[in-house]
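Data from query14.csv: CSV, C-alpha atoms (C1' of nucleotides)
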```csv
chain,number,residue,atom,x,y,z
A,1,MET,CA,36.3,-161.2,-68.4
A,2,LEU,CA,37.1,-159.0,-65.5
A,3,SER,CA,39.7,-160.7,-63.3
A,4,LYS,CA,38.8,-161.5,-59.7
A,5,LYS,CA,41.8,-159.4,-58.7
A,6,THR,CA,40.1,-156.3,-60.2
A,7,LYS,CA,36.7,-157.2,-58.9
A,8,TYR,CA,38.1,-157.7,-55.4
A,9,GLY,CA,40.2,-154.6,-55.6
A,10,LEU,CA,37.3,-152.4,-56.6
A,11,LYS,CA,35.1,-153.8,-53.9
A,12,ALA,CA,37.8,-153.2,-51.3
A,13,LEU,CA,38.4,-149.6,-52.5
A,14,THR,CA,34.6,-149.0,-52.4
A,15,TYR,CA,34.5,-150.4,-48.9
A,16,LEU,CA,37.3,-148.2,-47.7
A,17,ALA,CA,35.7,-145.2,-49.3
A,18,SER,CA,32.6,-145.7,-47.4
A,19,GLN,CA,34.5,-145.8,-44.1
A,20,GLU,CA,35.5,-142.8,-42.0
A,21,GLU,CA,38.6,-141.3,-43.5
A,22,ASN,CA,42.1,-142.2,-42.2
A,23,ILE,CA,40.8,-144.9,-39.9
A,24,PRO,CA,42.7,-148.0,-40.8
A,25,VAL,CA,40.5,-151.0,-41.7
A,26,GLN,CA,41.9,-154.5,-41.3
A,27,ILE,CA,42.2,-156.9,-44.2
A,28,ALA,CA,40.2,-159.5,-42.3
A,29,GLU,CA,37.3,-157.1,-42.0
A,30,ILE,CA,37.2,-156.2,-45.7
A,31,ALA,CA,37.6,-159.8,-46.7
A,32,GLN,CA,34.8,-161.0,-44.5
A,33,HIS,CA,32.5,-158.2,-45.5
A,34,GLU,CA,33.1,-158.6,-49.2
A,35,ASN,CA,33.3,-162.3,-49.4
A,36,ILE,CA,36.9,-162.3,-50.5
A,37,SER,CA,39.8,-164.8,-49.8
A,38,GLN,CA,41.8,-163.0,-47.2
A,39,LYS,CA,45.2,-164.1,-48.4
A,40,PHE,CA,44.4,-163.1,-52.0
A,41,LEU,CA,43.0,-159.7,-50.9
A,42,GLU,CA,46.3,-159.2,-49.0
A,43,SER,CA,48.3,-159.1,-52.2
A,44,ILE,CA,45.8,-156.9,-53.9
A,45,LEU,CA,45.8,-154.3,-51.2
A,46,LEU,CA,49.6,-154.4,-51.1
A,47,SER,CA,49.8,-153.5,-54.7
A,48,LEU,CA,47.3,-150.7,-54.3
A,49,ARG,CA,49.4,-149.4,-51.5
A,50,LYS,CA,52.6,-149.6,-53.5
A,51,THR,CA,51.0,-147.7,-56.3
A,52,GLY,CA,49.9,-144.8,-54.1
A,53,PHE,CA,46.2,-145.5,-53.6
A,54,LEU,CA,46.3,-146.8,-50.1
A,55,GLY,CA,48.2,-146.2,-46.9
A,56,SER,CA,48.8,-148.9,-44.3
A,57,LYS,CA,49.5,-149.2,-40.6
A,58,LYS,CA,51.0,-152.2,-38.9
A,59,GLY,CA,50.2,-153.6,-35.4
A,60,LYS,CA,47.1,-153.3,-33.3
A,61,GLY,CA,44.6,-150.8,-34.7
A,62,GLY,CA,46.4,-151.2,-38.0
A,63,GLY,CA,45.0,-151.8,-41.5
A,64,TYR,CA,44.5,-150.0,-44.8
A,65,TYR,CA,43.1,-146.6,-45.5
A,66,LEU,CA,42.5,-144.4,-48.5
A,67,ILE,CA,45.1,-141.8,-49.1
A,68,LYS,CA,43.2,-139.6,-51.6
A,69,ASP,CA,39.7,-138.3,-51.7
A,70,PRO,CA,37.4,-140.8,-53.5
A,71,ASN,CA,36.5,-138.0,-55.9
A,72,GLU,CA,40.0,-137.8,-57.0
A,73,ILE,CA,40.6,-141.5,-57.7
A,74,LEU,CA,40.0,-142.0,-61.4
A,75,MET,CA,38.9,-145.4,-62.7
A,76,THR,CA,41.5,-145.1,-65.5
A,77,ASP,CA,44.2,-145.3,-62.9
A,78,VAL,CA,42.7,-147.9,-60.8
A,79,MET,CA,41.9,-150.2,-63.7
A,80,ARG,CA,45.4,-149.9,-65.2
A,81,ILE,CA,46.9,-151.0,-61.9
A,82,LEU,CA,44.4,-153.8,-61.2
A,83,GLU,CA,43.5,-155.1,-64.7
A,84,GLY,CA,46.4,-153.8,-66.8
A,85,PRO,CA,46.1,-152.0,-70.1
A,86,ILE,CA,42.6,-150.6,-71.0
A,87,SER,CA,43.2,-151.3,-74.6
A,88,LEU,CA,42.4,-154.8,-75.8
A,89,VAL,CA,45.3,-154.8,-78.2
A,90,PRO,CA,48.8,-153.4,-77.6
A,91,CYS,CA,48.9,-151.5,-80.9
A,92,VAL,CA,46.2,-149.1,-79.7
A,93,SER,CA,47.4,-148.7,-76.2
A,94,LEU,CA,48.3,-145.2,-75.0
A,95,ASN,CA,50.3,-146.3,-71.9
A,96,PHE,CA,51.5,-149.7,-73.0
A,97,TYR,CA,52.0,-149.4,-76.8
A,98,GLU,CA,53.6,-152.2,-78.7
A,99,LYS,CA,53.6,-153.1,-82.3
A,100,CYS,CA,51.8,-156.3,-83.2
A,101,ASP,CA,54.3,-158.9,-84.4
A,102,ASP,CA,52.0,-160.3,-87.0
A,103,CYS,CA,50.6,-157.1,-88.4
A,104,PRO,CA,52.6,-155.4,-91.2
A,105,ASP,CA,50.7,-152.2,-91.3
A,106,GLU,CA,48.5,-150.7,-88.5
A,107,ALA,CA,46.9,-148.1,-90.7
A,108,SER,CA,45.3,-150.8,-92.9
A,109,CYS,CA,44.5,-153.2,-90.0
A,110,SER,CA,40.8,-153.8,-89.5
A,111,VAL,CA,41.4,-155.0,-85.9
A,112,ASN,CA,43.3,-151.9,-85.1
A,113,LYS,CA,40.5,-149.8,-86.5
A,114,LEU,CA,37.8,-151.4,-84.4
A,115,MET,CA,39.9,-151.7,-81.2
A,116,LEU,CA,40.7,-148.0,-81.4
A,117,LYS,CA,37.0,-147.2,-81.1
A,118,ILE,CA,36.6,-149.6,-78.2
A,119,ARG,CA,39.5,-148.1,-76.4
A,120,ASP,CA,38.1,-144.6,-76.7
A,121,ALA,CA,34.7,-145.8,-75.5
A,122,ASN,CA,36.2,-147.4,-72.5
A,123,LEU,CA,38.5,-144.5,-71.7
A,124,GLU,CA,35.5,-142.2,-71.9
A,125,VAL,CA,33.8,-144.2,-69.1
A,126,TYR,CA,36.8,-144.7,-66.9
A,127,ARG,CA,37.9,-141.1,-67.2
A,128,ASN,CA,34.5,-139.9,-66.2
A,129,ASN,CA,34.1,-142.1,-63.2
A,130,THR,CA,35.8,-141.8,-59.8
A,131,LEU,CA,35.7,-144.1,-56.8
A,132,ALA,CA,33.1,-141.7,-55.4
A,133,ASP,CA,30.8,-142.5,-58.3
A,134,LEU,CA,30.8,-146.2,-57.4
A,135,ILE,CA,29.3,-145.7,-54.0
A,136,LEU,CA,25.6,-145.9,-53.9
B,1,MET,CA,43.2,-158.7,-74.0
B,2,LEU,CA,41.7,-159.7,-77.3
B,3,SER,CA,42.2,-163.3,-78.0
B,4,LYS,CA,44.1,-164.4,-81.1
B,5,LYS,CA,41.0,-166.3,-82.1
B,6,THR,CA,39.0,-163.1,-82.4
B,7,LYS,CA,41.9,-161.2,-84.0
B,8,TYR,CA,42.4,-163.9,-86.6
B,9,GLY,CA,38.6,-164.2,-87.1
B,10,LEU,CA,38.2,-160.5,-87.7
B,11,LYS,CA,41.1,-160.4,-90.1
B,12,ALA,CA,39.7,-163.4,-92.0
B,13,LEU,CA,36.3,-161.8,-92.3
B,14,THR,CA,37.8,-158.6,-93.5
B,15,TYR,CA,39.8,-160.4,-96.1
B,16,LEU,CA,36.8,-162.3,-97.3
B,17,ALA,CA,34.8,-159.1,-97.4
B,18,SER,CA,37.3,-157.5,-99.7
B,19,GLN,CA,37.1,-160.3,-102.2
B,20,GLU,CA,34.6,-160.8,-105.0
B,21,GLU,CA,31.4,-162.1,-103.6
B,22,ASN,CA,30.5,-165.8,-103.5
B,23,ILE,CA,33.9,-166.8,-104.8
B,24,PRO,CA,35.3,-169.3,-102.3
B,25,VAL,CA,38.7,-168.4,-100.8
B,26,GLN,CA,40.9,-171.2,-99.5
B,27,ILE,CA,42.0,-171.3,-95.9
B,28,ALA,CA,45.6,-171.5,-97.0
B,29,GLU,CA,45.3,-168.2,-98.9
B,30,ILE,CA,43.8,-166.4,-96.0
B,31,ALA,CA,46.3,-167.8,-93.5
B,32,GLN,CA,49.2,-166.8,-95.7
B,33,HIS,CA,47.9,-163.4,-96.5
B,34,GLU,CA,47.1,-162.6,-92.9
B,35,ASN,CA,50.0,-164.3,-91.1
B,36,ILE,CA,47.9,-166.8,-89.3
B,37,SER,CA,48.5,-170.4,-88.3
B,38,GLN,CA,46.6,-172.3,-90.9
B,39,LYS,CA,45.4,-175.1,-88.6
B,40,PHE,CA,44.2,-172.6,-86.0
B,41,LEU,CA,42.4,-170.6,-88.7
B,42,GLU,CA,40.6,-173.7,-89.8
B,43,SER,CA,38.8,-174.1,-86.6
B,44,ILE,CA,37.9,-170.4,-86.5
B,45,LEU,CA,36.4,-170.4,-89.9
B,46,LEU,CA,34.6,-173.6,-89.1
B,47,SER,CA,32.9,-171.9,-86.1
B,48,LEU,CA,32.0,-168.9,-88.2
B,49,ARG,CA,30.4,-171.2,-90.8
B,50,LYS,CA,28.4,-173.0,-88.1
B,51,THR,CA,27.1,-169.8,-86.8
B,52,GLY,CA,25.9,-168.6,-90.2
B,53,PHE,CA,28.5,-166.0,-91.2
B,54,LEU,CA,30.3,-168.1,-93.8
B,55,GLY,CA,29.5,-170.6,-96.4
B,56,SER,CA,32.0,-173.3,-97.5
B,57,LYS,CA,32.7,-175.5,-100.4
B,58,LYS,CA,34.9,-178.6,-100.5
B,59,GLY,CA,37.2,-179.9,-103.1
B,60,LYS,CA,39.0,-178.1,-105.9
B,61,GLY,CA,38.0,-174.5,-106.2
B,62,GLY,CA,36.5,-174.8,-102.7
B,63,GLY,CA,37.0,-172.5,-99.7
B,64,TYR,CA,35.1,-170.1,-97.6
B,65,TYR,CA,32.9,-167.1,-98.6
B,66,LEU,CA,30.7,-164.6,-96.9
B,67,ILE,CA,27.0,-165.4,-96.8
B,68,LYS,CA,25.7,-161.9,-95.9
B,69,ASP,CA,26.5,-158.5,-97.1
B,70,PRO,CA,29.3,-156.9,-95.1
B,71,ASN,CA,27.0,-154.0,-94.3
B,72,GLU,CA,24.7,-156.4,-92.5
B,73,ILE,CA,27.2,-158.2,-90.4
B,74,LEU,CA,27.1,-156.4,-87.0
B,75,MET,CA,30.2,-156.5,-84.8
B,76,THR,CA,28.0,-157.4,-81.8
B,77,ASP,CA,27.2,-160.7,-83.4
B,78,VAL,CA,30.7,-161.4,-84.6
B,79,MET,CA,32.3,-160.5,-81.2
B,80,ARG,CA,29.8,-162.7,-79.3
B,81,ILE,CA,30.8,-165.7,-81.5
B,82,LEU,CA,34.5,-165.1,-81.5
B,83,GLU,CA,35.2,-163.5,-78.1
B,84,GLY,CA,32.2,-164.5,-76.1
B,85,PRO,CA,30.1,-162.2,-73.9
B,86,ILE,CA,30.6,-158.5,-74.5
B,87,SER,CA,30.1,-157.8,-70.8
B,88,LEU,CA,33.1,-158.2,-68.5
B,89,VAL,CA,31.0,-159.6,-65.7
B,90,PRO,CA,28.1,-162.1,-66.1
B,91,CYS,CA,25.8,-160.1,-63.9
B,92,VAL,CA,25.5,-157.3,-66.4
B,93,SER,CA,25.3,-159.5,-69.5
B,94,LEU,CA,22.3,-159.2,-71.8
B,95,ASN,CA,22.8,-162.5,-73.5
B,96,PHE,CA,24.7,-164.5,-71.0
B,97,TYR,CA,23.3,-163.3,-67.7
B,98,GLU,CA,24.4,-165.0,-64.5
B,99,LYS,CA,24.3,-164.0,-60.9
B,100,CYS,CA,27.6,-163.5,-59.3
B,101,ASP,CA,28.1,-166.2,-56.6
B,102,ASP,CA,30.0,-163.9,-54.2
B,103,CYS,CA,27.7,-160.9,-54.5
B,104,PRO,CA,24.7,-160.7,-52.3
B,105,ASP,CA,23.0,-157.7,-53.9
B,106,GLU,CA,23.6,-156.4,-57.5
B,107,ALA,CA,21.9,-153.1,-56.8
B,108,SER,CA,24.4,-152.1,-54.3
B,109,CYS,CA,27.5,-153.6,-56.0
B,110,SER,CA,30.0,-151.1,-57.2
B,111,VAL,CA,31.5,-153.4,-59.7
B,112,ASN,CA,28.1,-154.0,-61.2
B,113,LYS,CA,27.6,-150.3,-61.5
B,114,LEU,CA,30.8,-149.6,-63.3
B,115,MET,CA,30.7,-152.6,-65.5
B,116,LEU,CA,27.2,-151.7,-66.6
B,117,LYS,CA,28.5,-148.5,-68.0
B,118,ILE,CA,31.4,-150.3,-69.7
B,119,ARG,CA,29.0,-152.8,-71.3
B,120,ASP,CA,26.8,-150.0,-72.7
B,121,ALA,CA,29.8,-148.2,-74.1
B,122,ASN,CA,31.1,-151.3,-75.8
B,123,LEU,CA,27.7,-152.3,-77.1
B,124,GLU,CA,27.3,-148.8,-78.6
B,125,VAL,CA,30.5,-149.3,-80.6
B,126,TYR,CA,29.8,-152.8,-81.7
B,127,ARG,CA,26.2,-152.1,-82.7
B,128,ASN,CA,27.3,-149.2,-84.8
B,129,ASN,CA,30.0,-151.0,-86.7
B,130,THR,CA,29.5,-153.6,-89.4
B,131,LEU,CA,32.1,-155.6,-91.2
B,132,ALA,CA,31.9,-153.1,-94.0
B,133,ASP,CA,33.2,-150.4,-91.6
B,134,LEU,CA,36.4,-152.3,-91.0
B,135,ILE,CA,37.5,-152.2,-94.6
B,136,LEU,CA,39.6,-149.2,-95.4
C,1,DA,C1',40.3,-193.2,-109.4
C,2,DA,C1',43.0,-189.3,-108.0
C,3,DT,C1',43.4,-184.9,-106.3
C,4,DT,C1',41.9,-181.1,-103.6
C,5,DA,C1',40.3,-178.8,-99.6
C,6,DT,C1',37.1,-178.7,-95.9
C,7,DC,C1',35.7,-181.3,-91.6
C,8,DC,C1',36.6,-183.0,-87.1
C,9,DC,C1',38.9,-185.6,-83.8
C,10,DA,C1',42.4,-185.5,-80.1
C,11,DT,C1',46.6,-184.0,-78.0
C,12,DC,C1',49.9,-180.7,-76.0
C,13,DA,C1',53.0,-177.1,-74.2
C,14,DA,C1',52.8,-172.6,-72.2
C,15,DC,C1',50.7,-169.4,-69.7
C,16,DT,C1',47.6,-167.2,-66.4
C,17,DT,C1',44.7,-167.1,-62.5
C,18,DA,C1',43.2,-167.7,-57.9
C,19,DA,C1',44.3,-169.5,-53.7
C,20,DT,C1',47.2,-170.9,-49.9
C,21,DA,C1',51.2,-171.6,-46.7
C,22,DG,C1',54.6,-169.9,-43.9
C,23,DA,C1',58.1,-167.1,-42.2
C,24,DG,C1',59.4,-162.0,-41.5
C,25,DT,C1',58.7,-157.2,-39.8
C,26,DA,C1',56.9,-153.3,-37.5
C,27,DA,C1',53.8,-151.1,-34.2
C,28,DA,C1',51.0,-151.0,-30.0
C,29,DC,C1',50.3,-152.1,-25.3
C,30,DA,C1',50.7,-154.0,-20.8
D,1,DT,C1',60.7,-155.6,-22.2
D,2,DG,C1',57.9,-159.0,-24.1
D,3,DT,C1',53.7,-160.3,-26.2
D,4,DT,C1',50.2,-159.6,-29.3
D,5,DT,C1',48.5,-157.8,-33.5
D,6,DA,C1',48.4,-157.1,-38.3
D,7,DC,C1',50.8,-156.0,-42.5
D,8,DT,C1',54.9,-157.8,-45.7
D,9,DC,C1',57.0,-160.9,-48.7
D,10,DT,C1',58.2,-165.1,-51.1
D,11,DA,C1',57.1,-169.4,-52.8
D,12,DT,C1',54.2,-173.0,-54.3
D,13,DT,C1',50.3,-175.2,-56.5
D,14,DA,C1',45.9,-176.7,-58.7
D,15,DA,C1',43.0,-175.7,-62.4
D,16,DG,C1',41.7,-173.7,-66.4
D,17,DT,C1',42.5,-171.4,-70.9
D,18,DT,C1',44.9,-170.4,-75.1
D,19,DG,C1',47.2,-171.2,-79.2
D,20,DA,C1',49.1,-174.5,-82.0
D,21,DT,C1',49.6,-179.0,-84.3
D,22,DG,C1',48.8,-183.8,-86.2
D,23,DG,C1',46.1,-187.1,-88.6
D,24,DG,C1',42.4,-189.1,-90.6
D,25,DA,C1',37.5,-188.7,-92.6
D,26,DT,C1',34.5,-186.6,-95.9
D,27,DA,C1',32.9,-184.4,-100.0
D,28,DA,C1',33.6,-182.3,-104.5
D,29,DT,C1',36.0,-181.6,-108.6
D,30,DT,C1',38.7,-183.4,-112.8
```
Could you rewrite the structure in this file as C-alpha cells?
Amino acid sequence: MLSKKTKYGLKALTYLASQEENIPVQIAEIAQHENISQKFLESILLSLRKTGFLGSKKGKGGGYYLIKDPNEILMTDVMRILEGPISLVPCVSLNFYEKCDDCPDEASCSVNKLMLKIRDANLEVYRNNTLADLIL
Amino acid sequence: MLSKKTKYGLKALTYLASQEENIPVQIAEIAQHENISQKFLESILLSLRKTGFLGSKKGKGGGYYLIKDPNEILMTDVMRILEGPISLVPCVSLNFYEKCDDCPDEASCSVNKLMLKIRDANLEVYRNNTLADLIL
DNA sequence: AATTATCCCATCAACTTAATAGAGTAAACA
DNA sequence: TGTTTACTCTATTAAGTTGATGGGATAATT
C-alpha cells in the first residue's frame, strides 16, 4: 500500500506544479484544497524542501514553491524520498542494497528473481514519468 | 516492502515445486531448509491450502504438496493471496476496488494516474510469471 | 493405543503510521 | 520597533500491522 505520506506529497507537488511559478503557496491552502491534515502536510513539505524539490519563504506572503521545472522532476527521485526504496526487497535495491539475512545465496533465490523483474518494471514507469506528466 | 509472509510463502512454494510431485513434505523440513520460523510457516501454508494451491496430509508421512502444475500457478494469484492487492491504492484495484475517501474525483487525481501505470506494470510481470519460472 | 504432523485458537512484543500539540524562528509590514 | 504571519522543529500518542510463539485439538499412520 502507498503511504499517505507519499499520497499527500504527490498531491501537494501536483498542486504546486499547477500554480504560477515561484509564487509561494501556503501550507494551509494546499492542505485545504487537497483534503490533507495540515500538520502532517507540514512535515512532508519540509522533507521535500530539505531534499531539494521545494523552496520556502517565511512570513506574510510566504509558503512553498517548486524549485525545478515539473518536466525535470522524475518520479524515481520523488518516490525514493517520500516512499523509500523502489525495490520491494533490499537484495534487489539499486540505491539501498542490503543482503537478506535469511538468504544464503541470492543467485538461487526465487524471491530475488521475481522481485528483480518487479523492480525493473516499476523503475521503467517512474523513470519515464515526471511531475509534469501527473498534471491533467 | 515485501512482507515476510509473502517471502516465506514464495520460498515454500518454490521448494515444493522442486520436489517430486504429490509426495507430502513436512512443514519442519521446509522451515529448516528455507530458514523460516516453523510456527509462522504453518499459518502461511494453511492459507495456501485453503485457497487451493496446496494439499495436505496429516499423520506420519504427512505434509504439504502442490495441487497444480507449477506452470499453471500464476504469480498474480499467489501474490493476491499472500501479499494482498497488487495495486498500491484501492482506487486503481481490479479485484479490490474502493473509492478513496479523501479524493473527490479520480479522473483528475494525479496519484490515481501514476498508480494506474504502476499497477499495469506489476500485473504485466505477475501475469507472465508462473511458479515454474521461479525455479532456477 | 501411541505416535506423528497438520489444524486452529489466542496472545504478545516490536514497529510503523498518521495525526496532533506546542514552542521557536524568520520575514513582512505598519 | 513591534506585531502579525507562516514556516521550523521536537515530542508525544493512538491505532494498526507484522512476525513470532505457545498450547491444545484433530486426523492419519503404525
>> Which residues are close to stretch 85-89 of chain A, i.e. within 7 Å by all atoms listed in the file, leaving aside same-chain residues fewer than 6 positions away? Reply as a PyMOL selection string.
In response: (chain A and resi 96+115+119) or (chain B and resi 1-2)
>> Could you tell me which residues of chain A sit within 12 Å of chain D when counting only C-alpha atoms (C1' of nucleotides), and give me the result as a ChimeraX atom specification?
In response: /A:24-29,39,42-43,45-47,49-50,55-64
Selection above as a file: C-alpha atoms, as a PDB file, in the coordinates of the input:
```pdb
ATOM      1  CA  PRO A  24      42.700-148.000 -40.800  1.00  0.00           C
ATOM      2  CA  VAL A  25      40.500-151.000 -41.700  1.00  0.00           C
ATOM      3  CA  GLN A  26      41.900-154.500 -41.300  1.00  0.00           C
ATOM      4  CA  ILE A  27      42.200-156.900 -44.200  1.00  0.00           C
ATOM      5  CA  ALA A  28      40.200-159.500 -42.300  1.00  0.00           C
ATOM      6  CA  GLU A  29      37.300-157.100 -42.000  1.00  0.00           C
ATOM      7  CA  LYS A  39      45.200-164.100 -48.400  1.00  0.00           C
ATOM      8  CA  GLU A  42      46.300-159.200 -49.000  1.00  0.00           C
ATOM      9  CA  SER A  43      48.300-159.100 -52.200  1.00  0.00           C
ATOM     10  CA  LEU A  45      45.800-154.300 -51.200  1.00  0.00           C
ATOM     11  CA  LEU A  46      49.600-154.400 -51.100  1.00  0.00           C
ATOM     12  CA  SER A  47      49.800-153.500 -54.700  1.00  0.00           C
ATOM     13  CA  ARG A  49      49.400-149.400 -51.500  1.00  0.00           C
ATOM     14  CA  LYS A  50      52.600-149.600 -53.500  1.00  0.00           C
ATOM     15  CA  GLY A  55      48.200-146.200 -46.900  1.00  0.00           C
ATOM     16  CA  SER A  56      48.800-148.900 -44.300  1.00  0.00           C
ATOM     17  CA  LYS A  57      49.500-149.200 -40.600  1.00  0.00           C
ATOM     18  CA  LYS A  58      51.000-152.200 -38.900  1.00  0.00           C
ATOM     19  CA  GLY A  59      50.200-153.600 -35.400  1.00  0.00           C
ATOM     20  CA  LYS A  60      47.100-153.300 -33.300  1.00  0.00           C
ATOM     21  CA  GLY A  61      44.600-150.800 -34.700  1.00  0.00           C
ATOM     22  CA  GLY A  62      46.400-151.200 -38.000  1.00  0.00           C
ATOM     23  CA  GLY A  63      45.000-151.800 -41.500  1.00  0.00           C
ATOM     24  CA  TYR A  64      44.500-150.000 -44.800  1.00  0.00           C
TER      25      TYR A  64
END
```
> Within 7 Å of chain B, which residues of chain A show up when using all atoms listed in the file, listed as a PyMOL selection string?
Replying inline: chain A and resi 1-2+7+10-11+14+35+88-89+102+108+110-111+113-114+117-118+121-122+125+134-136
Chain B on chain A, least-squares, complete ordered Cα pairing, as a short mmCIF file (atom, residue, chain, number, x, y, z; two decimals) with C-alpha atoms, in the coordinates of the input:
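Wrote it out as part13.cif, contents follow:
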```cif
data_model
loop_
_atom_site.label_atom_id
_atom_site.label_comp_id
_atom_site.auth_asym_id
_atom_site.auth_seq_id
_atom_site.Cartn_x
_atom_site.Cartn_y
_atom_site.Cartn_z
CA MET B 1 36.25 -161.17 -68.43
CA LEU B 2 37.12 -159.06 -65.44
CA SER B 3 39.64 -160.71 -63.29
CA LYS B 4 38.83 -161.50 -59.66
CA LYS B 5 41.80 -159.38 -58.72
CA THR B 6 40.17 -156.28 -60.17
CA LYS B 7 36.72 -157.22 -58.84
CA TYR B 8 38.07 -157.74 -55.34
CA GLY B 9 40.22 -154.56 -55.64
CA LEU B 10 37.27 -152.44 -56.65
CA LYS B 11 35.11 -153.82 -53.90
CA ALA B 12 37.87 -153.19 -51.34
CA LEU B 13 38.30 -149.62 -52.48
CA THR B 14 34.62 -149.03 -52.33
CA TYR B 15 34.44 -150.40 -48.85
CA LEU B 16 37.31 -148.27 -47.71
CA ALA B 17 35.74 -145.25 -49.34
CA SER B 18 32.58 -145.71 -47.35
CA GLN B 19 34.41 -145.74 -44.07
CA GLU B 20 35.51 -142.81 -41.94
CA GLU B 21 38.59 -141.29 -43.40
CA ASN B 22 42.11 -142.16 -42.24
CA ILE B 23 40.83 -144.84 -39.91
CA PRO B 24 42.70 -148.02 -40.84
CA VAL B 25 40.50 -151.01 -41.76
CA GLN B 26 41.91 -154.50 -41.32
CA ILE B 27 42.23 -156.86 -44.23
CA ALA B 28 40.23 -159.45 -42.36
CA GLU B 29 37.27 -157.07 -42.04
CA ILE B 30 37.25 -156.23 -45.67
CA ALA B 31 37.63 -159.85 -46.78
CA GLN B 32 34.78 -160.93 -44.55
CA HIS B 33 32.51 -158.12 -45.47
CA GLU B 34 33.09 -158.55 -49.18
CA ASN B 35 33.35 -162.34 -49.45
CA ILE B 36 36.92 -162.39 -50.55
CA SER B 37 39.77 -164.79 -49.89
CA GLN B 38 41.74 -163.01 -47.25
CA LYS B 39 45.18 -164.12 -48.47
CA PHE B 40 44.36 -163.11 -52.04
CA LEU B 41 43.07 -159.73 -50.83
CA GLU B 42 46.31 -159.13 -49.04
CA SER B 43 48.32 -159.09 -52.14
CA ILE B 44 45.79 -156.84 -53.89
CA LEU B 45 45.82 -154.27 -51.20
CA LEU B 46 49.57 -154.46 -51.06
CA SER B 47 49.76 -153.54 -54.79
CA LEU B 48 47.31 -150.71 -54.31
CA ARG B 49 49.45 -149.35 -51.45
CA LYS B 50 52.59 -149.54 -53.60
CA THR B 51 50.96 -147.64 -56.31
CA GLY B 52 49.85 -144.82 -54.02
CA PHE B 53 46.12 -145.45 -53.57
CA LEU B 54 46.29 -146.78 -50.02
CA GLY B 55 48.17 -146.16 -46.90
CA SER B 56 48.80 -148.90 -44.29
CA LYS B 57 49.57 -149.26 -40.68
CA LYS B 58 50.92 -152.32 -38.87
CA GLY B 59 50.17 -153.72 -35.52
CA LYS B 60 47.11 -153.33 -33.33
CA GLY B 61 44.63 -150.88 -34.71
CA GLY B 62 46.46 -151.16 -38.05
CA GLY B 63 45.00 -151.78 -41.51
CA TYR B 64 44.52 -150.05 -44.76
CA TYR B 65 43.01 -146.59 -45.55
CA LEU B 66 42.52 -144.41 -48.54
CA ILE B 67 45.16 -141.77 -49.16
CA LYS B 68 43.19 -139.59 -51.63
CA ASP B 69 39.72 -138.34 -51.72
CA PRO B 70 37.38 -140.74 -53.50
CA ASN B 71 36.41 -137.95 -55.87
CA GLU B 72 40.00 -137.79 -57.05
CA ILE B 73 40.62 -141.42 -57.65
CA LEU B 74 39.97 -141.92 -61.41
CA MET B 75 38.90 -145.36 -62.63
CA THR B 76 41.49 -145.13 -65.44
CA ASP B 77 44.24 -145.23 -62.90
CA VAL B 78 42.69 -147.91 -60.76
CA MET B 79 41.87 -150.18 -63.78
CA ARG B 80 45.43 -149.81 -65.17
CA ILE B 81 46.85 -151.03 -61.81
CA LEU B 82 44.40 -153.80 -61.20
CA GLU B 83 43.49 -155.04 -64.70
CA GLY B 84 46.35 -153.79 -66.77
CA PRO B 85 46.08 -151.98 -70.11
CA ILE B 86 42.66 -150.59 -70.92
CA SER B 87 43.19 -151.35 -74.61
CA LEU B 88 42.45 -154.87 -75.82
CA VAL B 89 45.34 -154.85 -78.24
CA PRO B 90 48.83 -153.37 -77.55
CA CYS B 91 48.91 -151.52 -80.82
CA VAL B 92 46.21 -149.11 -79.77
CA SER B 93 47.42 -148.65 -76.18
CA LEU B 94 48.24 -145.17 -74.93
CA ASN B 95 50.29 -146.30 -72.01
CA PHE B 96 51.48 -149.68 -73.01
CA TYR B 97 51.99 -149.33 -76.74
CA GLU B 98 53.52 -152.20 -78.68
CA LYS B 99 53.57 -153.12 -82.30
CA CYS B 100 51.77 -156.23 -83.17
CA ASP B 101 54.33 -158.84 -84.40
CA ASP B 102 51.98 -160.37 -87.02
CA CYS B 103 50.68 -157.11 -88.45
CA PRO B 104 52.61 -155.44 -91.17
CA ASP B 105 50.70 -152.16 -91.31
CA GLU B 106 48.50 -150.69 -88.48
CA ALA B 107 46.87 -148.18 -90.79
CA SER B 108 45.29 -150.79 -92.84
CA CYS B 109 44.49 -153.28 -90.04
CA SER B 110 40.85 -153.80 -89.38
CA VAL B 111 41.36 -155.01 -85.91
CA ASN B 112 43.32 -151.89 -85.11
CA LYS B 113 40.49 -149.81 -86.41
CA LEU B 114 37.81 -151.42 -84.36
CA MET B 115 39.82 -151.73 -81.24
CA LEU B 116 40.69 -148.06 -81.41
CA LYS B 117 37.07 -147.23 -81.13
CA ILE B 118 36.62 -149.68 -78.25
CA ARG B 119 39.57 -148.14 -76.38
CA ASP B 120 38.13 -144.62 -76.74
CA ALA B 121 34.76 -145.76 -75.52
CA ASN B 122 36.22 -147.46 -72.49
CA LEU B 123 38.54 -144.59 -71.71
CA GLU B 124 35.55 -142.19 -71.84
CA VAL B 125 33.81 -144.23 -69.14
CA TYR B 126 36.79 -144.70 -66.94
CA ARG B 127 37.91 -141.07 -67.14
CA ASN B 128 34.48 -139.92 -66.16
CA ASN B 129 34.09 -142.14 -63.15
CA THR B 130 35.86 -141.76 -59.83
CA LEU B 131 35.71 -144.01 -56.85
CA ALA B 132 33.14 -141.70 -55.38
CA ASP B 133 30.79 -142.57 -58.29
CA LEU B 134 30.78 -146.22 -57.35
CA ILE B 135 29.30 -145.66 -53.94
CA LEU B 136 25.56 -145.79 -53.93
#
```
> When the cut-off is 8 Å and we count all atoms listed in the file, which residues of chain C are near chain A, given as a VMD selection string?
Replying inline: chain C and resid 18 to 20 26 to 28
> When you draw a straight line from atom CA of B:Ala31 to atom CA of A:Cys91, how long is it in Å?
Replying inline: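 Interatomic distance, atom CA of B:Ala31 to atom CA of A:Cys91: 20.8 Å.
Pairwise distance (atom CA of A:Leu116, atom CA of B:Gln19) equals 24.4 Å.
For the pair atom CA of B:Ala17 and atom C1' of C:DT4, the interatomic distance is 23.9 Å.
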>> Using only C-alpha atoms for the distances, tell me which of B:Asn22, B:Asp105, B:Asn128, B:Leu82 is nearest to B:Tyr65.
In response: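 Answer, going by the shortest atom-to-atom distance: B:Asn22.
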